[in-house]
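Data file: start_32.txt. Format and content: compact mmCIF, C-alpha atoms.
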```txt
# COMPACT_ATOMS: atom_id res chain seq x y z
CA MET U 1 171.92 -122.98 -1.82
CA SER U 2 174.76 -120.66 -0.81
CA ALA U 3 174.55 -119.02 2.59
CA LEU U 4 171.95 -116.30 2.87
CA PRO U 5 173.02 -112.89 4.15
CA SER U 6 171.86 -111.68 7.52
CA LEU U 7 169.95 -108.39 7.69
CA TYR U 8 169.44 -105.47 10.00
CA VAL U 9 166.29 -103.46 9.30
CA SER U 10 165.11 -100.19 10.79
CA HIS U 11 161.36 -100.58 11.23
CA GLY U 12 160.67 -97.02 12.41
CA SER U 13 157.22 -96.01 13.54
CA PRO U 14 154.29 -98.46 13.25
CA MET U 15 152.98 -96.02 10.62
CA THR U 16 155.63 -97.42 8.27
CA ALA U 17 153.07 -100.16 7.58
CA LEU U 18 150.60 -97.60 6.16
CA GLN U 19 153.10 -95.07 4.83
CA PRO U 20 156.12 -97.15 3.77
CA GLY U 21 157.79 -94.39 1.74
CA LEU U 22 161.42 -94.93 0.82
CA THR U 23 161.76 -97.68 3.44
CA GLY U 24 159.15 -99.74 1.62
CA VAL U 25 160.92 -99.23 -1.69
CA ARG U 26 164.29 -100.25 -0.25
CA LEU U 27 162.90 -103.33 1.52
CA ALA U 28 161.14 -104.50 -1.63
CA GLU U 29 164.33 -103.99 -3.63
CA LEU U 30 166.29 -105.91 -1.01
CA ALA U 31 163.86 -108.84 -1.03
CA ALA U 32 164.13 -109.02 -4.82
CA THR U 33 167.89 -109.63 -4.56
CA LEU U 34 167.59 -112.53 -2.10
CA PRO U 35 166.91 -116.21 -2.71
CA ARG U 36 163.59 -117.15 -1.19
CA PRO U 37 164.33 -118.23 2.39
CA LYS U 38 162.92 -121.43 3.84
CA ALA U 39 162.11 -119.56 7.05
CA ILE U 40 162.89 -116.33 8.90
CA VAL U 41 164.35 -115.97 12.40
CA ILE U 42 163.99 -112.39 13.59
CA ALA U 43 165.18 -110.64 16.77
CA SER U 44 162.97 -107.63 17.51
CA ALA U 45 163.62 -104.59 19.68
CA HIS U 46 160.05 -104.97 20.94
CA TRP U 47 160.39 -108.39 22.54
CA LEU U 48 162.48 -107.92 25.66
CA ALA U 49 163.31 -110.64 28.17
CA ARG U 50 166.01 -111.40 30.72
CA SER U 51 167.10 -114.47 28.76
CA PRO U 52 166.65 -115.44 25.11
CA HIS U 53 163.11 -116.57 24.36
CA VAL U 54 162.18 -118.23 21.07
CA GLY U 55 158.63 -118.07 19.74
CA SER U 56 157.39 -121.57 18.93
CA ALA U 57 153.74 -120.88 18.07
CA VAL U 58 152.25 -122.88 15.21
CA GLN U 59 150.38 -119.78 14.02
CA PRO U 60 151.79 -116.67 15.73
CA ALA U 61 149.30 -113.86 16.27
CA THR U 62 149.85 -110.35 14.94
CA ILE U 63 150.49 -108.14 17.98
CA HIS U 64 149.38 -104.51 17.81
CA ASP U 65 151.73 -103.32 20.55
CA PHE U 66 151.02 -99.58 20.29
CA TYR U 67 148.28 -97.07 20.89
CA GLY U 68 147.20 -93.70 19.55
CA PHE U 69 147.49 -94.75 15.91
CA PRO U 70 144.78 -94.94 13.22
CA ARG U 71 142.23 -97.73 13.37
CA GLU U 72 143.43 -98.96 9.98
CA LEU U 73 146.79 -99.83 11.52
CA HIS U 74 145.17 -101.98 14.20
CA ALA U 75 143.24 -103.83 11.49
CA LEU U 76 146.38 -105.01 9.70
CA ASN U 77 147.34 -108.65 10.05
CA TYR U 78 150.43 -110.66 9.07
CA PRO U 79 149.30 -114.30 9.07
CA ALA U 80 152.68 -115.96 8.48
CA PRO U 81 152.94 -119.49 9.89
CA GLY U 82 155.25 -120.36 12.72
CA ALA U 83 157.82 -123.15 12.74
CA PRO U 84 157.93 -125.02 16.08
CA GLY U 85 160.60 -127.42 14.83
CA LEU U 86 162.86 -124.57 13.75
CA ALA U 87 162.18 -122.77 17.03
CA ALA U 88 163.44 -125.84 18.91
CA HIS U 89 166.53 -125.89 16.69
CA VAL U 90 167.16 -122.18 17.36
CA ALA U 91 166.84 -122.82 21.10
CA SER U 92 169.33 -125.71 20.85
CA LEU U 93 171.87 -123.47 19.10
CA LEU U 94 171.48 -120.79 21.76
CA ASP U 95 171.73 -123.41 24.49
CA ALA U 96 174.94 -124.83 22.99
CA ALA U 97 176.39 -121.31 23.22
CA GLY U 98 175.55 -121.19 26.94
CA LEU U 99 172.82 -118.55 26.55
CA GLN U 100 170.07 -120.39 28.49
CA PRO U 101 167.14 -119.97 26.09
CA GLY U 102 163.50 -120.87 26.55
CA LEU U 103 160.63 -121.66 24.17
CA ASP U 104 157.45 -119.57 24.21
CA PRO U 105 154.53 -121.23 22.38
CA SER U 106 152.22 -118.26 22.89
CA HIS U 107 154.26 -115.26 21.73
CA GLY U 108 153.18 -113.61 18.48
CA LEU U 109 154.73 -111.13 16.05
CA ASP U 110 155.17 -107.59 17.42
CA HIS U 111 155.31 -104.57 15.13
CA GLY U 112 159.11 -104.76 14.98
CA VAL U 113 158.53 -108.07 13.17
CA TRP U 114 155.40 -107.74 11.07
CA VAL U 115 155.84 -104.14 9.89
CA PRO U 116 159.13 -104.79 8.00
CA LEU U 117 158.11 -108.31 6.98
CA ARG U 118 154.96 -106.96 5.29
CA LEU U 119 157.29 -104.88 3.12
CA LEU U 120 159.86 -107.63 2.53
CA TYR U 121 157.47 -110.55 2.03
CA PRO U 122 153.90 -109.26 1.72
CA GLN U 123 152.46 -112.71 0.94
CA ALA U 124 153.14 -113.77 4.56
CA ASP U 125 153.83 -117.32 3.36
CA ILE U 126 157.30 -117.83 4.85
CA PRO U 127 157.46 -119.34 8.37
CA VAL U 128 158.60 -116.86 11.03
CA VAL U 129 160.31 -117.55 14.36
CA PRO U 130 160.67 -114.48 16.63
CA VAL U 131 163.50 -114.21 19.16
CA SER U 132 163.70 -111.86 22.14
CA ILE U 133 166.62 -109.62 23.01
CA GLN U 134 168.12 -108.88 26.42
CA PRO U 135 168.64 -105.13 26.90
CA GLU U 136 170.25 -105.58 30.32
CA ALA U 137 172.87 -107.97 28.91
CA GLY U 138 174.40 -105.50 26.45
CA SER U 139 175.84 -105.51 22.96
CA ALA U 140 178.37 -108.34 23.38
CA HIS U 141 175.55 -110.66 24.46
CA ALA U 142 173.50 -109.71 21.38
CA PHE U 143 176.56 -110.36 19.20
CA ALA U 144 177.00 -113.78 20.84
CA MET U 145 173.36 -114.58 20.12
CA GLY U 146 173.94 -113.82 16.47
CA ARG U 147 177.11 -115.93 16.37
CA ALA U 148 175.14 -118.84 17.81
CA LEU U 149 172.62 -118.53 14.97
CA ALA U 150 175.13 -118.10 12.13
CA SER U 151 174.80 -121.68 10.89
CA LEU U 152 171.13 -121.10 10.09
CA ARG U 153 172.19 -119.11 7.05
CA GLU U 154 173.67 -122.29 5.55
CA GLU U 155 170.29 -123.97 6.06
CA GLY U 156 168.34 -121.44 4.01
CA VAL U 157 167.08 -119.47 7.02
CA LEU U 158 167.13 -115.68 6.86
CA VAL U 159 168.33 -114.14 10.14
CA ILE U 160 167.11 -110.57 10.73
CA GLY U 161 167.64 -108.03 13.49
CA SER U 162 164.88 -105.42 13.61
CA GLY U 163 165.35 -102.10 15.42
CA SER U 164 166.15 -98.55 14.35
CA ILE U 165 169.60 -97.18 13.59
CA THR U 166 168.63 -94.07 15.60
CA HIS U 167 165.79 -94.15 18.13
CA ASN U 168 165.11 -91.24 20.45
CA LEU U 169 161.34 -90.91 20.82
CA GLY U 170 161.84 -87.92 23.10
CA ASP U 171 162.57 -85.97 19.93
CA PHE U 172 158.98 -86.24 18.68
CA ARG U 173 158.37 -82.87 20.31
CA ALA U 174 161.69 -81.29 19.36
CA GLY U 175 160.44 -79.84 16.08
CA TYR U 176 162.59 -81.94 13.78
CA SER U 177 161.39 -82.64 10.24
CA GLU U 178 162.64 -83.38 6.74
CA ALA U 179 163.66 -79.74 6.52
CA ARG U 180 165.31 -79.71 9.98
CA GLU U 181 167.17 -82.92 10.81
CA ALA U 182 168.39 -83.72 14.29
CA PRO U 183 172.11 -82.81 14.33
CA TYR U 184 173.19 -86.12 15.84
CA VAL U 185 171.66 -88.45 13.23
CA ARG U 186 174.16 -88.33 10.39
CA PRO U 187 177.33 -88.28 12.53
CA PHE U 188 176.07 -91.34 14.40
CA THR U 189 174.94 -93.31 11.35
CA ASP U 190 178.12 -92.44 9.46
CA TRP U 191 180.22 -93.67 12.38
CA ILE U 192 178.33 -96.99 12.39
CA GLU U 193 178.90 -97.39 8.65
CA GLN U 194 182.60 -96.56 8.94
CA ARG U 195 183.22 -98.98 11.82
CA LEU U 196 181.38 -101.77 10.00
CA ALA U 197 183.39 -101.13 6.85
CA ALA U 198 186.60 -101.27 8.90
CA GLY U 199 185.56 -104.51 10.60
CA ASP U 200 185.99 -102.84 14.00
CA VAL U 201 183.68 -104.98 16.12
CA ASP U 202 185.34 -103.90 19.36
CA ALA U 203 184.47 -100.26 18.71
CA LEU U 204 180.94 -101.14 17.63
CA LEU U 205 180.25 -103.14 20.77
CA ASP U 206 181.58 -100.17 22.76
CA TYR U 207 179.50 -97.69 20.75
CA ARG U 208 178.08 -96.10 23.91
CA HIS U 209 181.54 -94.70 24.68
CA GLN U 210 182.98 -94.30 21.19
CA ALA U 211 180.22 -93.28 18.79
CA PRO U 212 179.39 -89.57 18.44
CA PHE U 213 176.10 -88.61 20.07
CA ALA U 214 175.46 -92.20 21.18
CA GLU U 215 173.26 -91.16 24.10
CA ARG U 216 171.18 -88.87 21.86
CA ALA U 217 170.80 -91.48 19.13
CA HIS U 218 169.92 -94.24 21.62
CA PRO U 219 168.89 -93.19 25.13
CA THR U 220 168.38 -96.95 25.67
CA ASP U 221 170.02 -99.85 23.83
CA GLU U 222 167.15 -102.03 22.67
CA HIS U 223 166.77 -100.67 19.13
CA LEU U 224 170.46 -101.02 18.26
CA LEU U 225 171.02 -104.45 19.84
CA PRO U 226 169.41 -106.26 16.88
CA LEU U 227 172.21 -104.84 14.71
CA PHE U 228 174.68 -106.87 16.75
CA VAL U 229 172.54 -109.99 16.38
CA ALA U 230 172.61 -109.56 12.59
CA LEU U 231 176.34 -108.80 12.63
CA GLY U 232 177.09 -111.86 14.72
CA ALA U 233 174.95 -114.06 12.50
CA ALA U 234 177.03 -112.98 9.50
CA GLY U 235 179.95 -115.07 10.77
CA ALA U 236 183.65 -114.34 10.96
CA SER U 237 184.03 -113.11 7.38
CA ALA U 238 181.26 -110.60 6.83
CA GLN U 239 180.96 -107.73 4.40
CA ALA U 240 178.54 -104.99 5.46
CA ARG U 241 176.50 -103.01 2.98
CA ARG U 242 174.55 -99.96 4.13
CA ILE U 243 171.26 -99.27 2.34
CA ASP U 244 170.10 -95.71 2.92
CA ALA U 245 166.33 -95.62 3.41
CA GLY U 246 166.10 -91.98 4.48
CA ILE U 247 165.39 -90.23 7.78
CA ASP U 248 161.81 -90.20 9.02
CA LEU U 249 160.52 -87.21 10.97
CA GLY U 250 164.01 -85.72 10.92
CA PHE U 251 165.37 -88.01 13.66
CA LEU U 252 164.55 -91.67 12.88
CA ALA U 253 167.25 -92.89 10.49
CA MET U 254 165.92 -95.86 8.52
CA ASP U 255 169.21 -97.47 7.45
CA LEU U 256 169.16 -101.12 6.43
CA TYR U 257 172.22 -103.37 6.51
CA ARG U 258 172.95 -106.48 4.53
CA PHE U 259 175.79 -108.71 5.75
CA ASP U 260 177.23 -111.14 3.18
CA THR U 261 180.12 -113.56 3.34
CA ALA U 262 183.08 -111.51 2.16
CA THR U 263 185.19 -112.38 -0.85
CA ARG U 264 187.80 -109.72 -0.19
CA ALA U 265 190.40 -109.07 2.50
CA SER U 266 188.46 -106.38 4.37
CA THR U 267 186.05 -108.28 6.59
CA VAL U 268 184.29 -107.87 9.89
CA GLN U 269 186.40 -109.59 12.51
CA PRO U 270 185.27 -110.96 15.87
CA PRO U 271 186.14 -108.92 18.96
CA MET U 272 189.41 -109.60 20.72
CA ASP U 273 189.24 -111.42 24.05
```

As structure tokens:
Amino acid sequence: MSALPSLYVSHGSPMTALQPGLTGVRLAELAATLPRPKAIVIASAHWLARSPHVGSAVQPATIHDFYGFPRELHALNYPAPGAPGLAAHVASLLDAAGLQPGLDPSHGLDHGVWVPLRLLYPQADIPVVPVSIQPEAGSAHAFAMGRALASLREEGVLVIGSGSITHNLGDFRAGYSEAREAPYVRPFTDWIEQRLAAGDVDALLDYRHQAPFAERAHPTDEHLLPLFVALGAAGASAQARRIDAGIDLGFLAMDLYRFDTATRASTVQPPMD
């Protein structure tokens, strides 16, 4: 098997599980282009810890980590098996990179995991290992996590970062809609696409200072950090492909990214020391 790509998915609102819309179409199309992975390792914006934690449950529970949503959403389940052996391997890779990981045999699958995975692999028959992110450690740390996990792609493991390419929940009350998009969304998402196409990792890791409307698009970092995990996991020669999945509610851009090993000169390069 050739190396799998790594993925970044925007999971949006938990309601994506009931109303998948264009995101569901794009995720299903994406899954159809991929070889079936042996397992999935996924870093979610909704599992936050001070150091990397790796879920090692034999049968991870479906976590309904939200409130105020329809009862039908709370009834959904994603009964994918865990993979304790793979979790230990993931922890060893992170440890070898000096990232001081820990195993968590009790952590389940939060909605940043099971909502997109229901749309990618609805049979829930592929083992899943969740990984936490560290919002206080910043983008370079998330990138280093991904780099540590890059070899998994050669082993048939699909590495995914799950967040949202824009994520400002304060805009729920701002009156944005399909007919009235937030003015910061497209400039920000276009900048991300352009920097990825240029292989400008230094600018991406410094997005808070360089990207237009960065503070509006992401008042906090946690939903963009999984992008850097996926980018790092793509290795030193990565080709980024943006998959437009629309803009929910006028302010939640649902972009997906696929990172493949590049066969051309223009590749994503590691940041300079």

Compute the distance from (182.9, -103.6, 10.2) to each atom, counting all atoms listed in the file, keep the residues with any atom at most 8 Å away, and return them as an mmCIF file with C-alpha atoms, in the coordinates of the input; use the coordinates of the file.
```
data_model
loop_
_atom_site.group_PDB
_atom_site.id
_atom_site.type_symbol
_atom_site.label_atom_id
_atom_site.label_comp_id
_atom_site.auth_asym_id
_atom_site.auth_seq_id
_atom_site.Cartn_x
_atom_site.Cartn_y
_atom_site.Cartn_z
ATOM 1 C CA GLU U 193 178.900 -97.390 8.650
ATOM 2 C CA GLN U 194 182.600 -96.560 8.940
ATOM 3 C CA ARG U 195 183.220 -98.980 11.820
ATOM 4 C CA LEU U 196 181.380 -101.770 10.000
ATOM 5 C CA ALA U 197 183.390 -101.130 6.850
ATOM 6 C CA ALA U 198 186.600 -101.270 8.900
ATOM 7 C CA GLY U 199 185.560 -104.510 10.600
ATOM 8 C CA ASP U 200 185.990 -102.840 14.000
ATOM 9 C CA VAL U 201 183.680 -104.980 16.120
ATOM 10 C CA ALA U 238 181.260 -110.600 6.830
ATOM 11 C CA GLN U 239 180.960 -107.730 4.400
ATOM 12 C CA ALA U 240 178.540 -104.990 5.460
ATOM 13 C CA THR U 267 186.050 -108.280 6.590
ATOM 14 C CA VAL U 268 184.290 -107.870 9.890
ATOM 15 C CA GLN U 269 186.400 -109.590 12.510
#
```

Judged by all atoms listed in the file, the minimum distance to Ala203 in chain U among U:Pro105, U:Ser139, U:Glu178, U:Ala144 is found for U:Ser139

Which neighbours of Ser44 in chain U fall inside 9 Å, counting all atoms listed in the file, when residues of the same chain fewer than 6 positions from it are skipped, and could you give them as a list of chain:residue names?
U:Asp110, U:His111, U:Gly112, U:Val113, U:Pro130, U:Val131, U:Ser132, U:Ile133, U:Ile160, U:Gly161, U:Ser162, U:Gly163, U:Glu222, U:His223, U:Leu225, U:Pro226

Writing out the chosen residues with C-alpha atoms as a PDB file, in the coordinates of the input:
```
ATOM      1  CA  ASP U 110     155.170-107.590  17.420  1.00  0.00           C
ATOM      2  CA  HIS U 111     155.310-104.570  15.130  1.00  0.00           C
ATOM      3  CA  GLY U 112     159.110-104.760  14.980  1.00  0.00           C
ATOM      4  CA  VAL U 113     158.530-108.070  13.170  1.00  0.00           C
ATOM      5  CA  PRO U 130     160.670-114.480  16.630  1.00  0.00           C
ATOM      6  CA  VAL U 131     163.500-114.210  19.160  1.00  0.00           C
ATOM      7  CA  SER U 132     163.700-111.860  22.140  1.00  0.00           C
ATOM      8  CA  ILE U 133     166.620-109.620  23.010  1.00  0.00           C
ATOM      9  CA  ILE U 160     167.110-110.570  10.730  1.00  0.00           C
ATOM     10  CA  GLY U 161     167.640-108.030  13.490  1.00  0.00           C
ATOM     11  CA  SER U 162     164.880-105.420  13.610  1.00  0.00           C
ATOM     12  CA  GLY U 163     165.350-102.100  15.420  1.00  0.00           C
ATOM     13  CA  GLU U 222     167.150-102.030  22.670  1.00  0.00           C
ATOM     14  CA  HIS U 223     166.770-100.670  19.130  1.00  0.00           C
ATOM     15  CA  LEU U 225     171.020-104.450  19.840  1.00  0.00           C
ATOM     16  CA  PRO U 226     169.410-106.260  16.880  1.00  0.00           C
TER      17      PRO U 226
END
```

Which of U:Ala230, U:Arg216, U:Met15, U:Gly250 sits closest to His64 in chain U [using all atoms listed in the file]:
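Ranked by minimum distance to His64 in chain U, first place goes to U:Met15.
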
Can you check which parts of range 167-254 of chain U lie within 10 Å of range 23-43 of chain U? Per residue, the shortest pair of atoms and distance in Å to one decimal, counting only C-alpha atoms, sorted by chain and number, as a tab-separated table.
```
residue	atom	partner	partner_atom	distance
U:Leu225	CA	U:Ala43	CA	9.0
U:Pro226	CA	U:Ala43	CA	6.1
U:Leu227	CA	U:Ala43	CA	9.3
U:Val229	CA	U:Ala43	CA	7.4
U:Ala230	CA	U:Ala43	CA	8.6
U:Ile243	CA	U:Arg26	CA	7.5
U:Asp244	CA	U:Arg26	CA	8.0
U:Ala245	CA	U:Thr23	CA	5.0
U:Gly246	CA	U:Thr23	CA	7.2
U:Ile247	CA	U:Thr23	CA	9.4
U:Asp248	CA	U:Thr23	CA	9.3
U:Met254	CA	U:Thr23	CA	6.8
```

Determine, counting only C-alpha atoms, every residue of protein, DNA or RNA that lies within 9 Å of (160.5, -117.7, 6.2) in the file coordinates, then give the result as number ranges by chain.
U: 36-41, 80-83, 121, 124-129, 156-158

Restricted to C-alpha atoms, what would the selected residues look like written as a PDB file, keeping the file's coordinate frame?
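Resulting contents of selection_29.pdb:
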```
ATOM      1  CA  ARG U  36     163.590-117.150  -1.190  1.00  0.00           C
ATOM      2  CA  PRO U  37     164.330-118.230   2.390  1.00  0.00           C
ATOM      3  CA  LYS U  38     162.920-121.430   3.840  1.00  0.00           C
ATOM      4  CA  ALA U  39     162.110-119.560   7.050  1.00  0.00           C
ATOM      5  CA  ILE U  40     162.890-116.330   8.900  1.00  0.00           C
ATOM      6  CA  VAL U  41     164.350-115.970  12.400  1.00  0.00           C
ATOM      7  CA  ALA U  80     152.680-115.960   8.480  1.00  0.00           C
ATOM      8  CA  PRO U  81     152.940-119.490   9.890  1.00  0.00           C
ATOM      9  CA  GLY U  82     155.250-120.360  12.720  1.00  0.00           C
ATOM     10  CA  ALA U  83     157.820-123.150  12.740  1.00  0.00           C
ATOM     11  CA  TYR U 121     157.470-110.550   2.030  1.00  0.00           C
ATOM     12  CA  ALA U 124     153.140-113.770   4.560  1.00  0.00           C
ATOM     13  CA  ASP U 125     153.830-117.320   3.360  1.00  0.00           C
ATOM     14  CA  ILE U 126     157.300-117.830   4.850  1.00  0.00           C
ATOM     15  CA  PRO U 127     157.460-119.340   8.370  1.00  0.00           C
ATOM     16  CA  VAL U 128     158.600-116.860  11.030  1.00  0.00           C
ATOM     17  CA  VAL U 129     160.310-117.550  14.360  1.00  0.00           C
ATOM     18  CA  GLY U 156     168.340-121.440   4.010  1.00  0.00           C
ATOM     19  CA  VAL U 157     167.080-119.470   7.020  1.00  0.00           C
ATOM     20  CA  LEU U 158     167.130-115.680   6.860  1.00  0.00           C
TER      21      LEU U 158
END
```

Which polymer residues have any atom within 7 Å of an atom of Arg258 in chain U, counting only C-alpha atoms, with same-chain residues fewer than 3 positions away left out, as a count of residues only?
7

Between CA of Gly108 in chain U and CA of Ile63 in chain U, what is the distance in Å, rounded to a tenth?
6.1 Å

The distance between CA of His46 in chain U and CA of Arg180 in chain U is 28.0 Å

Nearest-residue call for Ala148 in chain U, choices U:His209, U:Arg50, U:His89, U:His218, using all atoms listed in the file:
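The closest residue to Ala148 in chain U is U:His89.
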
Centre, edges in Å (one decimal): axis-aligned box, range 66-85 of chain U, 6 Å padding on all six sides, as lines of an AutoDock Vina configuration file:
```
center_x = 151.4
center_y = -110.6
center_z = 14.7
size_x = 30.4
size_y = 45.7
size_z = 24.4
```

In Å, how far is it from CA of Glu155 in chain U to CA of Tyr78 in chain U?
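According to the coordinates, CA of Glu155 in chain U and CA of Tyr78 in chain U are separated by 24.1 Å.
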